[in-house]
Each structure stands twice: as structure tokens, then as C-alpha cells.
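Asks: Just so it is clear, I am handing over run.tsv, which has TSV, C-alpha atoms.
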```tsv
chain	number	residue	atom	x	y	z
A	1	MET	CA	-2.01	19.37	-9.06
A	2	ALA	CA	-4.36	18.26	-6.32
A	3	ILE	CA	-7.98	17.34	-6.98
A	4	GLN	CA	-10.74	16.21	-4.67
A	5	GLY	CA	-12.17	12.80	-5.49
A	6	LYS	CA	-15.19	10.67	-4.77
A	7	PRO	CA	-14.90	7.33	-2.98
A	8	PRO	CA	-14.45	4.42	-5.41
A	9	THR	CA	-17.66	2.75	-6.47
A	10	LEU	CA	-18.29	-0.47	-4.61
A	11	VAL	CA	-18.50	-3.72	-6.50
A	12	SER	CA	-20.82	-6.63	-5.92
A	13	HIS	CA	-19.93	-10.06	-7.18
A	14	GLN	CA	-22.53	-12.37	-5.79
A	15	PHE	CA	-21.79	-15.90	-6.87
A	16	GLN	CA	-25.49	-16.65	-6.70
A	17	SER	CA	-25.52	-20.03	-8.36
A	18	SER	CA	-25.50	-21.55	-4.88
A	19	LEU	CA	-27.49	-18.83	-3.11
A	20	CYS	CA	-30.44	-17.94	-5.36
A	21	SER	CA	-33.50	-19.92	-6.32
A	22	PRO	CA	-33.22	-22.25	-9.36
A	23	THR	CA	-35.42	-19.92	-11.42
A	24	SER	CA	-32.77	-17.20	-11.44
A	25	SER	CA	-30.32	-17.35	-14.35
A	26	LEU	CA	-26.93	-15.63	-14.43
A	27	SER	CA	-24.99	-13.64	-16.99
A	28	LEU	CA	-21.58	-12.00	-17.03
A	29	VAL	CA	-21.79	-8.22	-17.16
A	30	ASN	CA	-19.67	-5.16	-16.52
A	31	GLY	CA	-16.28	-6.75	-16.88
A	32	GLY	CA	-17.04	-9.95	-15.06
A	33	SER	CA	-19.72	-9.20	-12.48
A	34	PHE	CA	-22.36	-11.87	-12.05
A	35	LYS	CA	-25.84	-10.38	-12.36
A	36	SER	CA	-29.17	-12.13	-12.14
A	37	LYS	CA	-31.33	-11.77	-15.24
A	38	ALA	CA	-34.35	-12.08	-13.01
A	39	GLN	CA	-33.08	-9.05	-11.02
A	40	ARG	CA	-33.91	-10.86	-7.77
A	41	LYS	CA	-32.77	-9.21	-4.59
A	42	PRO	CA	-29.48	-10.93	-3.69
A	43	LEU	CA	-29.29	-12.93	-0.52
A	44	THR	CA	-27.20	-11.33	2.18
A	45	LEU	CA	-24.33	-13.36	3.56
A	46	ARG	CA	-23.54	-12.51	7.16
A	47	LEU	CA	-20.43	-13.40	9.09
A	48	SER	CA	-20.53	-13.44	12.89
A	49	ARG	CA	-17.76	-12.87	15.37
A	50	SER	CA	-17.68	-14.91	18.53
A	51	THR	CA	-18.72	-12.75	21.50
A	52	SER	CA	-20.33	-13.15	24.86
A	53	ASN	CA	-23.71	-12.41	23.29
A	54	ALA	CA	-24.10	-14.50	20.17
A	55	ASN	CA	-27.57	-13.08	19.47
A	56	ASP	CA	-26.41	-9.45	19.30
A	57	PRO	CA	-27.15	-8.23	15.72
A	58	GLN	CA	-24.31	-5.73	16.01
A	59	ASP	CA	-21.87	-8.62	15.82
A	60	ASP	CA	-22.94	-9.35	12.24
A	61	TYR	CA	-21.50	-7.54	9.26
A	62	LEU	CA	-22.38	-7.59	5.59
A	63	ILE	CA	-20.02	-8.55	2.82
A	64	ASP	CA	-22.35	-7.88	-0.10
A	65	ALA	CA	-23.31	-4.74	-2.01
A	66	PRO	CA	-26.13	-3.93	-4.46
A	67	VAL	CA	-25.62	-5.50	-7.88
A	68	SER	CA	-26.07	-2.07	-9.46
A	69	ALA	CA	-22.89	-0.88	-7.72
A	70	GLY	CA	-20.62	-3.26	-9.64
A	71	ASP	CA	-17.92	-1.65	-11.78
A	72	GLY	CA	-15.20	-4.22	-12.29
A	73	PHE	CA	-13.97	-7.78	-12.11
A	74	SER	CA	-13.44	-9.20	-8.64
A	75	PHE	CA	-13.35	-12.64	-7.10
A	76	SER	CA	-14.49	-11.33	-3.73
A	77	GLY	CA	-16.35	-8.03	-4.20
A	78	GLY	CA	-18.69	-6.27	-1.80
A	79	LYS	CA	-18.43	-4.27	1.39
A	80	TYR	CA	-19.30	-4.53	5.06
A	81	SER	CA	-22.51	-2.52	5.17
A	82	ASP	CA	-24.42	0.26	3.52
A	83	GLY	CA	-23.56	2.69	6.31
A	84	PRO	CA	-20.40	4.79	6.86
A	85	SER	CA	-17.21	2.85	7.48
A	86	PRO	CA	-13.72	3.68	8.75
A	87	SER	CA	-12.57	3.43	5.14
A	88	ASP	CA	-14.98	6.20	4.14
A	89	GLU	CA	-13.77	8.37	7.00
A	90	TRP	CA	-10.13	7.88	5.99
A	91	PHE	CA	-10.95	8.72	2.37
A	92	LYS	CA	-12.55	12.01	3.43
A	93	GLN	CA	-9.26	13.10	4.98
A	94	GLY	CA	-7.40	12.85	1.70
A	95	LYS	CA	-7.36	14.06	-1.87
A	96	PHE	CA	-6.08	12.92	-5.23
A	97	VAL	CA	-2.77	14.21	-6.60
A	98	LYS	CA	-2.18	13.80	-10.32
A	99	ALA	CA	1.39	12.72	-11.13
A	100	TYR	CA	3.27	10.52	-13.61
A	101	PRO	CA	2.00	10.16	-17.17
A	102	VAL	CA	0.07	7.07	-18.20
A	103	GLY	CA	2.02	4.89	-20.63
A	104	GLY	CA	0.82	2.44	-23.24
A	105	THR	CA	-1.43	2.89	-26.24
A	106	GLY	CA	-4.60	3.89	-24.43
A	107	GLU	CA	-6.26	0.57	-25.20
A	108	LYS	CA	-8.95	-0.51	-22.75
A	109	ALA	CA	-7.67	-3.05	-20.23
A	110	LYS	CA	-8.99	-6.62	-20.36
A	111	ASP	CA	-8.86	-9.16	-17.59
A	112	PRO	CA	-6.34	-11.99	-18.12
A	113	ILE	CA	-8.80	-14.78	-17.33
A	114	PHE	CA	-11.92	-14.15	-19.43
A	115	GLY	CA	-10.60	-11.45	-21.78
A	116	LEU	CA	-13.45	-9.13	-20.82
A	117	THR	CA	-13.10	-5.36	-20.70
A	118	MET	CA	-12.27	-4.37	-17.14
A	119	GLY	CA	-14.26	-1.93	-15.02
A	120	ALA	CA	-13.20	1.62	-14.25
A	121	GLY	CA	-11.07	0.54	-11.30
A	122	SER	CA	-8.68	-1.33	-13.60
A	123	GLN	CA	-8.40	1.40	-16.23
A	124	ALA	CA	-5.87	4.23	-16.30
A	125	SER	CA	-7.53	7.50	-15.31
A	126	GLY	CA	-6.89	9.80	-18.25
A	127	ASP	CA	-3.36	10.85	-19.18
A	128	VAL	CA	-1.94	11.20	-15.67
A	129	PHE	CA	-2.26	8.81	-12.73
A	130	ARG	CA	-4.15	9.70	-9.56
A	131	TRP	CA	-2.41	9.16	-6.21
A	132	PHE	CA	-4.41	9.21	-2.99
A	133	SER	CA	-2.70	11.48	-0.48
A	134	VAL	CA	-3.40	12.60	3.09
A	135	GLU	CA	-1.74	15.80	4.30
A	136	SER	CA	-1.41	17.12	7.83
A	137	GLY	CA	0.19	20.24	9.28
A	138	ASN	CA	1.06	23.68	7.97
A	139	ALA	CA	2.20	23.66	4.33
A	140	ASP	CA	4.72	26.39	5.17
A	141	ASN	CA	6.62	24.01	7.46
A	142	PRO	CA	9.30	21.58	6.25
A	143	THR	CA	7.78	18.70	4.29
A	144	VAL	CA	8.02	15.08	5.39
A	145	ILE	CA	6.75	12.41	2.97
A	146	LEU	CA	5.72	9.11	4.55
A	147	ILE	CA	6.01	6.13	2.20
A	148	HIS	CA	4.35	2.82	3.03
A	149	GLY	CA	5.83	-0.60	2.40
A	150	PHE	CA	4.77	-3.66	0.45
A	151	PRO	CA	1.98	-4.50	0.85
A	152	SER	CA	0.35	-1.73	2.88
A	153	GLN	CA	-1.30	1.68	2.55
A	154	ALA	CA	-0.86	5.29	3.62
A	155	TYR	CA	-3.35	4.43	6.36
A	156	SER	CA	-0.51	2.71	8.22
A	157	TYR	CA	0.83	6.19	9.12
A	158	ARG	CA	-2.44	7.39	10.68
A	159	LYS	CA	-0.82	7.50	14.17
A	160	VAL	CA	2.32	9.23	12.90
A	161	LEU	CA	0.62	12.08	11.01
A	162	PRO	CA	-0.84	13.88	14.07
A	163	VAL	CA	2.54	13.88	15.82
A	164	LEU	CA	4.41	15.30	12.83
A	165	SER	CA	1.72	17.85	12.02
A	166	LYS	CA	2.71	19.92	15.05
A	167	ASN	CA	5.95	21.08	13.42
A	168	TYR	CA	5.97	19.72	9.88
A	169	HIS	CA	3.95	19.42	6.73
A	170	ALA	CA	3.42	15.65	6.63
A	171	ILE	CA	2.20	13.78	3.54
A	172	ALA	CA	1.31	10.10	3.37
A	173	PHE	CA	0.32	8.58	0.02
A	174	ASP	CA	-0.78	5.29	-1.51
A	175	TRP	CA	1.57	3.86	-4.13
A	176	LEU	CA	0.02	3.13	-7.51
A	177	GLY	CA	-1.66	-0.25	-7.12
A	178	PHE	CA	-2.50	0.26	-3.44
A	179	GLY	CA	-5.23	1.83	-1.31
A	180	PHE	CA	-7.25	4.48	-3.12
A	181	SER	CA	-4.62	5.29	-5.77
A	182	ASP	CA	-5.02	4.20	-9.39
A	183	LYS	CA	-4.57	0.48	-10.09
A	184	PRO	CA	-4.41	0.02	-13.85
A	185	GLN	CA	-4.39	-3.50	-15.18
A	186	PRO	CA	-0.75	-4.57	-15.77
A	187	ARG	CA	0.45	-3.84	-19.31
A	188	TYR	CA	-2.20	-1.15	-19.75
A	189	GLY	CA	-0.36	2.02	-18.79
A	190	PHE	CA	1.77	0.73	-15.88
A	191	ASP	CA	3.61	-2.56	-15.49
A	192	TYR	CA	4.50	-2.29	-11.77
A	193	THR	CA	8.25	-2.73	-12.29
A	194	LEU	CA	10.58	-1.25	-9.69
A	195	SER	CA	12.13	1.08	-12.26
A	196	GLU	CA	8.67	2.46	-13.05
A	197	TYR	CA	8.10	3.08	-9.36
A	198	VAL	CA	11.37	5.04	-9.17
A	199	SER	CA	10.25	7.32	-12.00
A	200	ALA	CA	6.71	7.57	-10.63
A	201	LEU	CA	8.02	8.62	-7.21
A	202	GLU	CA	10.07	11.39	-8.80
A	203	SER	CA	6.95	12.71	-10.49
A	204	PHE	CA	4.91	12.58	-7.29
A	205	VAL	CA	7.54	14.31	-5.14
A	206	ASN	CA	7.93	17.09	-7.72
A	207	GLU	CA	4.17	17.57	-7.71
A	208	VAL	CA	3.69	17.88	-3.94
A	209	ALA	CA	6.88	19.69	-2.92
A	210	THR	CA	8.89	22.44	-4.58
A	211	ASP	CA	11.47	22.70	-1.77
A	212	LYS	CA	13.65	20.09	-0.14
A	213	VAL	CA	11.89	17.22	1.64
A	214	SER	CA	12.57	14.45	4.11
A	215	LEU	CA	11.55	10.92	3.16
A	216	VAL	CA	10.43	8.15	5.52
A	217	VAL	CA	9.99	4.74	3.90
A	218	GLN	CA	9.14	1.35	5.33
A	219	GLY	CA	10.04	-2.17	4.24
A	220	TYR	CA	10.39	-3.54	0.74
A	221	PHE	CA	9.79	-0.27	-1.08
A	222	SER	CA	12.90	1.27	0.51
A	223	PRO	CA	15.25	0.11	-2.32
A	224	VAL	CA	13.01	2.01	-4.75
A	225	VAL	CA	13.19	5.16	-2.62
A	226	VAL	CA	16.98	4.91	-2.18
A	227	LYS	CA	17.37	4.54	-5.95
A	228	TYR	CA	15.31	7.72	-6.41
A	229	ALA	CA	17.26	9.50	-3.68
A	230	SER	CA	20.61	8.61	-5.28
A	231	LYS	CA	19.57	10.64	-8.33
A	232	HIS	CA	18.15	13.58	-6.36
A	233	GLN	CA	20.31	14.08	-3.27
A	234	GLU	CA	19.92	17.83	-3.67
A	235	LYS	CA	16.18	17.44	-3.08
A	236	LEU	CA	16.50	15.70	0.30
A	237	ASN	CA	17.10	16.81	3.87
A	238	ASP	CA	16.81	13.45	5.60
A	239	LEU	CA	16.18	9.82	4.69
A	240	ILE	CA	14.68	7.56	7.35
A	241	LEU	CA	14.43	3.83	6.62
A	242	LEU	CA	12.04	1.67	8.64
A	243	ASN	CA	13.03	-2.02	8.70
A	244	PRO	CA	14.49	-1.93	5.19
A	245	PRO	CA	16.03	-4.95	3.44
A	246	LEU	CA	19.76	-4.28	3.79
A	247	THR	CA	21.58	-7.59	3.41
A	248	ALA	CA	21.71	-10.50	1.00
A	249	LYS	CA	19.50	-12.48	3.39
A	250	HIS	CA	16.86	-9.76	3.07
A	251	ALA	CA	16.73	-9.91	-0.72
A	252	ASN	CA	14.09	-12.65	-0.92
A	253	LEU	CA	10.44	-12.06	-0.17
A	254	PRO	CA	9.01	-14.09	2.73
A	255	SER	CA	6.67	-16.90	1.75
A	256	THR	CA	3.66	-14.85	2.89
A	257	LEU	CA	4.39	-12.37	0.08
A	258	SER	CA	6.16	-14.51	-2.51
A	259	ILE	CA	3.08	-16.71	-2.84
A	260	PHE	CA	1.34	-13.83	-4.63
A	261	SER	CA	3.85	-14.15	-7.49
A	262	ASN	CA	3.12	-17.84	-8.14
A	263	PHE	CA	1.44	-18.89	-11.34
A	264	LEU	CA	-2.33	-19.32	-10.96
A	265	LEU	CA	-2.18	-19.80	-7.17
A	266	GLY	CA	-0.77	-16.30	-6.77
A	267	GLU	CA	-3.48	-14.87	-8.99
A	268	ILE	CA	-6.11	-16.48	-6.79
A	269	PHE	CA	-4.57	-15.60	-3.42
A	270	SER	CA	-3.94	-11.99	-4.43
A	271	GLN	CA	-7.72	-11.57	-4.73
A	272	ASP	CA	-8.30	-12.79	-1.17
A	273	PRO	CA	-8.62	-9.81	1.23
A	274	LEU	CA	-7.67	-11.92	4.24
A	275	ARG	CA	-4.41	-13.05	2.67
A	276	ALA	CA	-3.60	-9.79	0.87
A	277	SER	CA	-4.22	-7.50	3.83
A	278	ASP	CA	-4.78	-9.25	7.16
A	279	LYS	CA	-2.17	-12.01	6.91
A	280	ALA	CA	0.39	-9.84	5.10
A	281	LEU	CA	0.22	-7.21	7.84
A	282	THR	CA	-0.01	-9.41	10.91
A	283	SER	CA	2.35	-12.30	10.14
A	284	CYS	CA	5.49	-10.15	10.24
A	285	GLY	CA	5.40	-8.90	13.83
A	286	PRO	CA	3.26	-8.28	16.91
A	287	TYR	CA	0.68	-6.11	15.13
A	288	ALA	CA	-2.85	-7.24	16.06
A	289	MET	CA	-5.30	-5.78	13.57
A	290	LYS	CA	-8.50	-4.28	14.92
A	291	GLU	CA	-11.70	-4.78	12.95
A	292	ASP	CA	-12.03	-1.07	12.12
A	293	ASP	CA	-8.51	-1.05	10.67
A	294	ALA	CA	-9.16	-4.29	8.79
A	295	MET	CA	-12.12	-2.62	7.10
A	296	VAL	CA	-9.77	-0.01	5.64
A	297	TYR	CA	-7.07	-2.43	4.54
A	298	ARG	CA	-9.53	-4.90	2.98
A	299	ARG	CA	-11.57	-2.25	1.18
A	300	PRO	CA	-9.50	-2.16	-2.06
A	301	TYR	CA	-9.72	-5.94	-2.43
A	302	LEU	CA	-13.44	-6.00	-1.68
A	303	THR	CA	-14.34	-3.27	-4.16
A	304	SER	CA	-12.41	-4.31	-7.26
A	305	GLY	CA	-10.23	-7.07	-8.64
A	306	SER	CA	-7.75	-4.39	-9.75
A	307	SER	CA	-6.01	-4.45	-6.35
A	308	GLY	CA	-5.38	-8.18	-6.61
A	309	PHE	CA	-4.08	-8.00	-10.17
A	310	ALA	CA	-1.74	-5.17	-9.14
A	311	LEU	CA	-0.52	-7.14	-6.10
A	312	ASN	CA	0.20	-10.14	-8.30
A	313	ALA	CA	2.20	-7.98	-10.74
A	314	ILE	CA	4.17	-6.19	-8.01
A	315	SER	CA	5.02	-9.50	-6.33
A	316	ARG	CA	6.42	-10.84	-9.58
A	317	ALA	CA	8.47	-7.68	-10.09
A	318	MET	CA	9.80	-7.88	-6.53
A	319	LYS	CA	10.71	-11.54	-6.94
A	320	LYS	CA	12.61	-10.73	-10.13
A	321	GLU	CA	14.25	-7.41	-9.24
A	322	LEU	CA	14.52	-7.15	-5.46
A	323	LYS	CA	17.94	-8.80	-5.13
A	324	ALA	CA	19.58	-6.38	-7.56
A	325	TYR	CA	17.85	-3.39	-5.97
A	326	VAL	CA	18.97	-4.40	-2.46
A	327	GLU	CA	22.55	-4.74	-3.69
A	328	ASP	CA	22.36	-1.33	-5.35
A	329	LYS	CA	20.87	0.19	-2.21
A	330	LYS	CA	23.67	-1.17	-0.06
A	331	ALA	CA	26.27	0.21	-2.47
A	332	ILE	CA	24.56	3.63	-2.63
A	333	LEU	CA	24.29	4.01	1.14
A	334	MET	CA	27.94	3.02	1.66
A	335	ASP	CA	29.31	5.19	-1.14
A	336	LYS	CA	31.52	8.09	-0.03
A	337	ASN	CA	29.54	10.38	-2.33
A	338	TRP	CA	26.31	9.75	-0.45
A	339	LYS	CA	25.58	13.02	1.36
A	340	VAL	CA	21.99	12.60	2.62
A	341	ARG	CA	21.64	12.28	6.39
A	342	THR	CA	20.34	8.72	6.81
A	343	THR	CA	18.84	6.88	9.76
A	344	VAL	CA	17.73	3.26	10.07
A	345	CYS	CA	14.90	2.61	12.54
A	346	TRP	CA	14.56	-1.08	13.33
A	347	GLY	CA	11.60	-2.80	14.94
A	348	GLN	CA	13.29	-5.69	16.71
A	349	ARG	CA	10.29	-8.02	16.58
A	350	ASP	CA	10.38	-8.28	12.79
A	351	ARG	CA	9.60	-11.85	11.74
A	352	TRP	CA	10.51	-11.30	8.10
A	353	LEU	CA	13.87	-9.54	8.18
A	354	ASN	CA	16.63	-10.82	10.43
A	355	TYR	CA	18.53	-8.28	12.54
A	356	ASP	CA	21.86	-10.01	11.83
A	357	GLU	CA	24.33	-7.71	10.04
A	358	VAL	CA	22.07	-4.64	10.37
A	359	GLU	CA	24.14	-3.13	13.18
A	360	ASP	CA	27.38	-3.83	11.31
A	361	PHE	CA	25.99	-2.25	8.16
A	362	CYS	CA	25.06	0.97	9.99
A	363	LYS	CA	28.47	1.16	11.66
A	364	ASN	CA	30.35	0.59	8.41
A	365	SER	CA	28.25	3.11	6.49
A	366	ASN	CA	28.23	5.64	9.35
A	367	HIS	CA	24.44	5.82	9.48
A	368	LYS	CA	22.48	6.24	12.69
A	369	LEU	CA	20.64	3.17	13.98
A	370	ILE	CA	17.62	3.42	16.30
A	371	GLU	CA	16.20	0.22	17.76
A	372	ILE	CA	12.49	0.02	18.62
A	373	PRO	CA	12.11	-3.04	20.87
A	374	MET	CA	8.32	-3.46	20.78
A	375	ALA	CA	7.83	-2.97	17.03
A	376	GLY	CA	7.86	-5.51	14.21
A	377	HIS	CA	8.26	-5.11	10.46
A	378	HIS	CA	5.51	-2.49	10.18
A	379	VAL	CA	7.00	-0.09	12.72
A	380	GLN	CA	4.40	2.60	12.10
A	381	GLU	CA	1.59	0.21	13.04
A	382	ASP	CA	3.20	-1.19	16.18
A	383	SER	CA	4.68	2.04	17.56
A	384	GLY	CA	3.13	4.88	15.58
A	385	GLU	CA	3.22	7.67	18.18
A	386	GLU	CA	6.70	6.70	19.34
A	387	LEU	CA	7.89	6.67	15.73
A	388	GLY	CA	6.37	10.10	15.14
A	389	GLY	CA	8.41	11.46	18.03
A	390	ILE	CA	11.58	9.81	16.73
A	391	ILE	CA	11.08	11.27	13.25
A	392	SER	CA	10.42	14.72	14.69
A	393	GLY	CA	13.64	14.53	16.67
A	394	LEU	CA	15.70	13.44	13.68
A	395	ILE	CA	14.56	15.88	11.03
A	396	SER	CA	16.08	19.30	10.79
A	397	ARG	CA	13.51	22.07	11.17
A	398	ARG	CA	15.27	24.36	8.71
A	399	ILE	CA	15.31	23.58	5.01
A	400	VAL	CA	18.48	24.50	3.17
A	401	THR	CA	17.65	25.80	-0.33
```
Take the structure I supplied and represent it as C-alpha cells, if you would.

Replies:
Amino acid sequence: MAIQGKPPTLVSHQFQSSLCSPTSSLSLVNGGSFKSKAQRKPLTLRLSRSTSNANDPQDDYLIDAPVSAGDGFSFSGGKYSDGPSPSDEWFKQGKFVKAYPVGGTGEKAKDPIFGLTMGAGSQASGDVFRWFSVESGNADNPTVILIHGFPSQAYSYRKVLPVLSKNYHAIAFDWLGFGFSDKPQPRYGFDYTLSEYVSALESFVNEVATDKVSLVVQGYFSPVVVKYASKHQEKLNDLILLNPPLTAKHANLPSTLSIFSNFLLGEIFSQDPLRASDKALTSCGPYAMKEDDAMVYRRPYLTSGSSGFALNAISRAMKKELKAYVEDKKAILMDKNWKVRTTVCWGQRDRWLNYDEVEDFCKNSNHKLIEIPMAGHHVQEDSGEELGGIISGLISRRIVT
């Protein structure tokens, strides 16, 4: 079922011990937010970009939010300003889809550091999880589901959706733990294991599409999607893999991502919006993030600590399970019983995954290989419109039922 949602409540975590007057005392409230007992108006911290006019007030942006807006534990908290943002505009384009039952006992989640009850952002939403989804195109046309990589968001397909919408019903969604989708505290309804993601994807696909679909998946979540596809070949028309890990050399996370799985250090870095979004998206290829796009990608980490805790848990699961899943994926795609039409699109400026053996793999498995010279690991960011045209050309317009 699809339900319309409200934008997540913004969180403020003003570490005011160094910013407020000595007469203000602090207390922990609302799952870890720092709030002044004196209810003083918090000081605003402004960050300035270097421009030709250093005195232009438009070059400042806010990173704080009203204390009353706090709803969860976060190391960073806040937002850019009180006005509309690109993140708000993106949220308005989507809706929530309810899929995959919440596990566990129903106990309220507590943060692993202070043992305090977490805010709403870290709690499971009822009995079924909410997935943020953006749809484009006529629902009567063949369905194409666009699946982002790790770590990223559905927003990465914003340039692809308009191209596909001309002839297809395109759907991009945020995985659980990312973007605007639910991010329950690990061990409180969802543990972020790869096997859970396989089952969760099945539930989501069944909810949004009754007929056959085509799947497009990028990066390190592709082994999860291939595992799902191996169990539901009858449900698929096409499978398109964007810079997927295919070889033994690809089975280890790059240091930029593996650091999030480290004890203590990973828990700290996963709460840092610049490391979790900016660096993770720009260190793997030529993608140069614009400030408006950064505001969307950073938003989950600025509004709640739940995104960081989820990132930490997913990184640990990837570090533990990725090698086996890559091996399984390779075996599945080379099996003679694999019947799904499969294409590998490869951005040749990928700094994380080496191109060695990719061409041989596609030849040996008889899968089509399309090289995209100017794209890196996140193909949809570097060459979104071009990728949309490639996908349109690959997918069959007629669904076989």
C-alpha cells in the first residue's frame, strides 16, 4: 500500500557548553538531545563558502534548528535553514510504501552509548516498514525499479527518472536505513543483514508491482538484488547492473566505506555527514557534488542519529557477508539455468572497483557489457541522462505474463 507522509522532524543537538553563557545549564532530553534548562535562544553557527564577495550574506548557511524540533539522538543534528530546501522539494515528489513486516519483540529502541530511549527516527514504524519511493511515468507502462547502491539514496536517479518516464513506469526507492525510509535501531526490528535485505526487497517489489518488472541496481547492493532475482526469475524482464562487484578483488569494501564498520571509530564517523555522504559519493569517481545535492544527501545524517547507526550496522554486515554474496552472484549469473536477460553497465572511471576481469566475466557468462567512459562508480550521478537512454534501449517494451 502507498501512503503519503510528512517530512521527518528536524533534530537540533546544540552542544552549547562551549557556545552559551555560563549561566545556562544543560540536561539530556528526548533520547539524547542537549537542551538548555534556561531555554535560552541557541547561538547560530554559520559556515561560509569562499566566494568573490565574502560579505554576501547569501553565502552563509545555517546548521542549527530550534531545540523544540529535536526528536532523536544525533552527534551532528540540525539543518541548513528554516526555509525550503532541495531535500524538501525531493520529499514532496515521493510517497511512503509500506512493505516488509517489522521483526523483534516491539521493545523501544535504546541508543548503544547512553542506553537512552531513542527518538521516533530510530524506532520501527508500526508493524510494517515504510519505504520512501518516487514514481514517474504512466503506471500502465512496463515497470522499471531503480535501486541505489551503498551508501546512496533514490535521489541519485533524479536524472534518470525523467528519461524513463516517457515510456516506462519508473520507481526509485530508498533502502531501509537510507534517505527518507525507516531506519530502526539495529536489533530492534531490523538487523541490516544482507539476507534481511533480500527478503525485504521481495516484499517491496510485490507491493509496488503485480506484473513482471525490470531491475536496475548500482554498486554494492547488486549481490543482494541478484540473490533475490535468482529466486524470482519469473518476475523479471531485465536485470541491469551498474558497476557491480563481480570478482574476488571486488569483494572487499574500499577503505572509505570499511571505516564505518570499525569499532568506536566507525560509530563516530558514520554520524559525520561529510564522511557518510560527501566523501562516500565523491571519492569513487569524477562526481563533483553541488551544494544543492549535498543538502539532500546530508539531510538524513543532520536530522537524526538513526542514519549513522544504520550505516554502521550495514557496513559491518557488508564486511562480514560481501565476499560470500559476490561469489554466489558470480555463480548465479554464470549458471546455465539463469534465464533473465542481464546487462552490465560499467563506468570506466570507477576508483573503487577495478575493470580487470569484468570483460572476461561478461564474455564467459554471455551477458552484454556496455562501457560508459566518463562515469565512475555512481554511474547514475555522472551520466544520468545517458544512462536513462541506455536503460530505455535495453528494456523490452512488452511484458510477458

Asks: Could you tell me how far CA of Val128 (chain A) sits from CA of Tyr100 (chain A), in Å to one decimal place?

Replies: 5.6 Å

Asks: Neighbouring residues of region 223-239 of chain A were defined as those with any atom within 6 Å, considering only C-alpha atoms; residues of the same chain fewer than 3 positions away were excluded. Please report them as a ChimeraX atom specification.

Replies: /A:198,212-215,325-326,329,341-342

Asks: Report, in Å to a single decimal, how far apart CA of Phe260 (chain A) and CA of Arg316 (chain A) are.

Replies: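 Distance reported for this atom pair: 7.7 Å.
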
Asks: When distances are computed from all atoms listed in the file, which of A:Leu274, A:Ala99, A:Ala170, A:Ala317 shows the smallest separation from Met295 (chain A)?

Replies: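 Comparing A:Leu274, A:Ala99, A:Ala170, A:Ala317 against Met295 (chain A), the winner is A:Leu274.
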
Asks: Check the smallest atom-to-atom distance from each of A:Gly266, A:Asn354, A:Ile240, A:Ala124 to Val340 (chain A) using only C-alpha atoms, then report the winner.

Replies: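 Looking at the shortest contact to Val340 (chain A), the residue is A:Ile240.
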
Asks: Would you tabulate, counting all atoms listed in the file, all residues of region 196-313 of chain A that have an atom at most 10 Å from an atom of region 359-370 of chain A, showing the closest pair of atoms and their distance in Å to one decimal, sorted by chain then ascending number, as CSV?

Replies:
```
residue,atom,partner,partner_atom,distance
A:Ile240,CA,A:Lys368,CA,9.5
A:Leu241,CA,A:Leu369,CA,9.7
A:Leu242,CA,A:Ile370,CA,9.6
A:Leu246,CA,A:Phe361,CA,7.9
A:Thr247,CA,A:Phe361,CA,8.4
```

Asks: One decimal, in Å: what's the spacing between CA of Ala375 (chain A) and CA of Ala324 (chain A)?

Replies: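 According to the coordinates, CA of Ala375 (chain A) and CA of Ala324 (chain A) are separated by 27.5 Å.
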
Asks: So which one's closest to Ser307 (chain A), A:Asp292, A:Glu202, A:Glu135, A:Glu267? Using all atoms listed in the file, please.

Replies: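 Going through A:Asp292, A:Glu202, A:Glu135, A:Glu267 one by one, the smallest distance to Ser307 (chain A) is for A:Glu267.
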
Asks: A:Leu253, A:Ala276, A:Ile391, A:Leu333: which is nearest Ile145 (chain A), counting only C-alpha atoms?

Replies: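 For Ile145 (chain A), the nearest of the given residues is A:Ile391.
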
Asks: Choose the residue, out of A:Arg351, A:Lys98, A:Arg299, A:Lys279, that has the smallest atom-to-atom separation from Leu176 (chain A); count only C-alpha atoms.

Replies: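 Looking only at the distances to Leu176 (chain A), the closest residue turns out to be A:Lys98.
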
Asks: Given the choices A:Pro300, A:Gln93, A:Thr256, A:Ala313, which gets closest to Ser181 (chain A) if the distance is worked out from all atoms listed in the file?

Replies: A:Pro300

Asks: Find the residues around Gln153 (chain A) up to 8 Å (all atoms listed in the file counted), leave out those fewer than 2 positions away in its own chain, and share them as number ranges by chain.

Replies: A: 148-149, 151, 155-156, 173-175, 178-179, 297

Asks: Report, as AutoDock Vina command-line options, the axis-aligned box around all atoms of region 93-109 of chain A present in the file, extended by 4 Å on each side; give centre and edge lengths in Å to one decimal place.

Replies:
```
--center_x -3.0 --center_y 5.6 --center_z -10.6 --size_x 20.5 --size_y 25.3 --size_z 39.2
```
